[in-house]
Amino acid sequence: MDKIRLLKKYIRFLLLSILCLLLFLLLSLLLYNDEIKHLGKGYLYNEETGTIYNNRQRKVVVPAKVLSYKKNGMYLYVTQHSLENDPNEILYDTIYNYKNGDGYYYWIINMNTHSVFGPLDSIEFISKMDVIKSP
């Protein structure tokens, strides 16, 4: 009878340990998603791919490699370094034309109207900022 009681305790301990381990793994997965940043109005920054994605339209808005982004009211300003051989290119719905080849480009996204201006060089970016009267 002692062996049966001991076996029951062992099985109970084993099941409780497995349950605790599963709970720990689930909480870790829920709390440790640093790859996706929610930018508002359905826009997401994917750190792994270096892209900005519109979740509502289900498409990449700014291709890799996003270096930085800043939100200001309804606008999202993005600095990007284009990749000549972008491994994610097959995922994009749009073919992006970079005037100066591989280099730094800027994007302005109106998150209310979903208007996207880019890729822009620095002069075009400043000019567009003046047109939209953005600070």
# chains A, B, ... in the order shown; residues from 1 in each chain; ligands from 1
$ select_by_dssp --residues "chain A" --states "alpha helix (DSSP H)" --output "number ranges by chain"
A: 2-31, 122-132
$ residues_around --residues "Lys70 of chain A" --least-positions-apart "4" --cutoff "10 Å" --atoms "only C-alpha atoms" --output "PyMOL selection string"
chain A and resi 39+75-79+108
$ write_last_selection --atoms "C-alpha atoms" --output "PDB file, in the first residue's frame"
ATOM      1  CA  LEU A  39       2.722  52.199 -33.976  1.00  0.00           C
ATOM      2  CA  TYR A  75       2.162  61.340 -39.264  1.00  0.00           C
ATOM      3  CA  LEU A  76       4.797  58.644 -39.106  1.00  0.00           C
ATOM      4  CA  TYR A  77       8.293  59.622 -40.276  1.00  0.00           C
ATOM      5  CA  VAL A  78      10.624  56.833 -41.305  1.00  0.00           C
ATOM      6  CA  THR A  79      14.314  56.699 -42.151  1.00  0.00           C
ATOM      7  CA  ILE A 108       6.088  60.123 -44.573  1.00  0.00           C
TER       8      ILE A 108
END
$ residues_around --residues "Ser127 of chain A" --least-positions-apart "5" --cutoff "12 Å" --atoms "only C-alpha atoms" --output "count of residues only"
9
$ closest_residue --among "A:Val61, A:Val116, A:Leu21, A:Met111" --to "Gly73 of chain A" --atoms "only C-alpha atoms"
A:Met111
$ atom_distance --atom1 "atom CA of Leu44 of chain A" --atom2 "atom CA of His81 of chain A"
18.0 Å
$ closest_residue --among "A:Leu91, A:Ile126, A:Tyr10, A:Leu26" --to "Tyr53 of chain A" --atoms "only C-alpha atoms"
A:Leu91
$ closest_residue --among "A:Asn110, A:Leu19, A:Asn72, A:Gly50" --to "Asn88 of chain A" --atoms "only C-alpha atoms"
A:Gly50
$ select_by_dssp --residues "segment 4-126 of chain A" --states "strand (DSSP E or B)" --output "PyMOL selection string"
chain A and resi 36-40+43-46+51-54+59-62+66-72+75-81+104-110+115-120
$ write_last_selection --atoms "N, CA and C atoms" --output "short mmCIF file (atom, residue, chain, number, x, y, z; two decimals), in the first residue's frame"
data_model
loop_
_atom_site.label_atom_id
_atom_site.label_comp_id
_atom_site.auth_asym_id
_atom_site.auth_seq_id
_atom_site.Cartn_x
_atom_site.Cartn_y
_atom_site.Cartn_z
N ILE A 36 7.74 42.88 -32.65
CA ILE A 36 6.66 43.66 -33.26
C ILE A 36 6.33 44.85 -32.36
N LYS A 37 6.40 46.05 -32.94
CA LYS A 37 6.04 47.27 -32.22
C LYS A 37 4.77 47.84 -32.85
N HIS A 38 3.76 48.09 -32.05
CA HIS A 38 2.52 48.68 -32.54
C HIS A 38 2.69 50.20 -32.59
N LEU A 39 2.51 50.77 -33.77
CA LEU A 39 2.72 52.20 -33.98
C LEU A 39 1.42 52.99 -33.99
N GLY A 40 0.30 52.30 -33.99
CA GLY A 40 -1.00 52.97 -33.99
C GLY A 40 -1.66 52.89 -35.36
N TYR A 43 -0.61 50.24 -37.94
CA TYR A 43 0.76 50.17 -38.44
C TYR A 43 1.64 49.44 -37.42
N LEU A 44 2.50 48.57 -37.93
CA LEU A 44 3.38 47.77 -37.10
C LEU A 44 4.81 47.88 -37.62
N TYR A 45 5.77 47.87 -36.69
CA TYR A 45 7.19 47.80 -37.06
C TYR A 45 7.67 46.41 -36.69
N ASN A 46 8.18 45.69 -37.68
CA ASN A 46 8.71 44.35 -37.46
C ASN A 46 10.23 44.47 -37.39
N THR A 51 10.84 46.12 -41.41
CA THR A 51 9.82 46.72 -42.26
C THR A 51 8.70 47.35 -41.43
N ILE A 52 7.97 48.25 -42.07
CA ILE A 52 6.74 48.78 -41.47
C ILE A 52 5.59 48.23 -42.29
N TYR A 53 4.62 47.70 -41.58
CA TYR A 53 3.54 46.94 -42.17
C TYR A 53 2.22 47.58 -41.78
N ASN A 54 1.29 47.64 -42.74
CA ASN A 54 -0.06 48.10 -42.43
C ASN A 54 -0.93 46.87 -42.24
N LYS A 59 -0.27 44.74 -45.94
CA LYS A 59 0.85 44.89 -46.86
C LYS A 59 1.99 45.66 -46.20
N VAL A 60 3.18 45.43 -46.74
CA VAL A 60 4.36 46.17 -46.31
C VAL A 60 4.26 47.57 -46.88
N VAL A 61 4.46 48.57 -46.03
CA VAL A 61 4.38 49.97 -46.46
C VAL A 61 5.78 50.52 -46.69
N VAL A 62 6.71 50.21 -45.79
CA VAL A 62 8.10 50.62 -45.94
C VAL A 62 8.96 49.37 -45.89
N VAL A 66 14.39 49.53 -42.18
CA VAL A 66 14.01 50.72 -41.44
C VAL A 66 15.04 50.95 -40.34
N LEU A 67 15.59 52.16 -40.33
CA LEU A 67 16.60 52.52 -39.32
C LEU A 67 15.97 53.20 -38.11
N SER A 68 14.97 54.03 -38.38
CA SER A 68 14.29 54.72 -37.28
C SER A 68 12.92 55.17 -37.74
N TYR A 69 12.08 55.45 -36.76
CA TYR A 69 10.76 55.99 -37.04
C TYR A 69 10.36 56.90 -35.90
N LYS A 70 9.49 57.87 -36.24
CA LYS A 70 9.00 58.80 -35.22
C LYS A 70 7.55 59.12 -35.54
N LYS A 71 6.73 59.08 -34.50
CA LYS A 71 5.32 59.45 -34.65
C LYS A 71 5.14 60.89 -34.19
N ASN A 72 4.33 61.63 -34.96
CA ASN A 72 4.01 62.99 -34.59
C ASN A 72 2.57 63.24 -35.02
N TYR A 75 1.09 61.71 -38.34
CA TYR A 75 2.16 61.34 -39.26
C TYR A 75 3.17 60.39 -38.62
N LEU A 76 3.72 59.55 -39.48
CA LEU A 76 4.80 58.64 -39.11
C LEU A 76 5.95 58.95 -40.05
N TYR A 77 7.11 59.29 -39.49
CA TYR A 77 8.29 59.62 -40.28
C TYR A 77 9.28 58.48 -40.15
N VAL A 78 9.78 58.03 -41.29
CA VAL A 78 10.62 56.83 -41.30
C VAL A 78 11.92 57.12 -42.06
N THR A 79 13.02 56.67 -41.47
CA THR A 79 14.31 56.70 -42.15
C THR A 79 14.65 55.26 -42.52
N GLN A 80 15.05 55.07 -43.75
CA GLN A 80 15.28 53.73 -44.27
C GLN A 80 16.61 53.69 -45.02
N HIS A 81 17.28 52.57 -44.92
CA HIS A 81 18.44 52.30 -45.78
C HIS A 81 18.03 51.17 -46.71
N TYR A 104 20.20 55.98 -48.27
CA TYR A 104 19.26 56.41 -47.25
C TYR A 104 18.07 57.12 -47.90
N TYR A 105 16.87 56.74 -47.42
CA TYR A 105 15.64 57.33 -47.94
C TYR A 105 14.70 57.64 -46.78
N TYR A 106 13.72 58.48 -47.07
CA TYR A 106 12.79 58.94 -46.05
C TYR A 106 11.36 58.69 -46.51
N TRP A 107 10.49 58.46 -45.56
CA TRP A 107 9.09 58.18 -45.85
C TRP A 107 8.23 58.99 -44.90
N ILE A 108 7.09 59.46 -45.40
CA ILE A 108 6.09 60.12 -44.57
C ILE A 108 4.79 59.36 -44.78
N ILE A 109 4.20 58.93 -43.69
CA ILE A 109 2.94 58.18 -43.75
C ILE A 109 1.89 58.95 -42.96
N ASN A 110 0.79 59.28 -43.63
CA ASN A 110 -0.35 59.86 -42.94
C ASN A 110 -1.18 58.68 -42.44
N SER A 115 -2.03 57.64 -46.61
CA SER A 115 -1.20 58.12 -47.72
C SER A 115 0.26 57.87 -47.38
N VAL A 116 1.00 57.37 -48.36
CA VAL A 116 2.42 57.06 -48.15
C VAL A 116 3.23 57.85 -49.17
N PHE A 117 4.19 58.63 -48.68
CA PHE A 117 5.08 59.40 -49.55
C PHE A 117 6.48 58.84 -49.35
N GLY A 118 7.01 58.23 -50.38
CA GLY A 118 8.34 57.66 -50.29
C GLY A 118 8.52 56.58 -51.33
N PRO A 119 9.74 56.22 -51.57
CA PRO A 119 10.97 56.69 -50.94
C PRO A 119 11.36 58.09 -51.43
N LEU A 120 11.76 58.94 -50.49
CA LEU A 120 12.15 60.31 -50.78
C LEU A 120 13.61 60.50 -50.43
#
$ atom_distance --atom1 "atom CA of Gly42 of chain A" --atom2 "atom CA of Lys65 of chain A"
19.7 Å
$ closest_residue --among "A:Asp102, A:Arg12, A:Phe24, A:Arg56" --to "Asp86 of chain A" --atoms "only C-alpha atoms"
A:Asp102
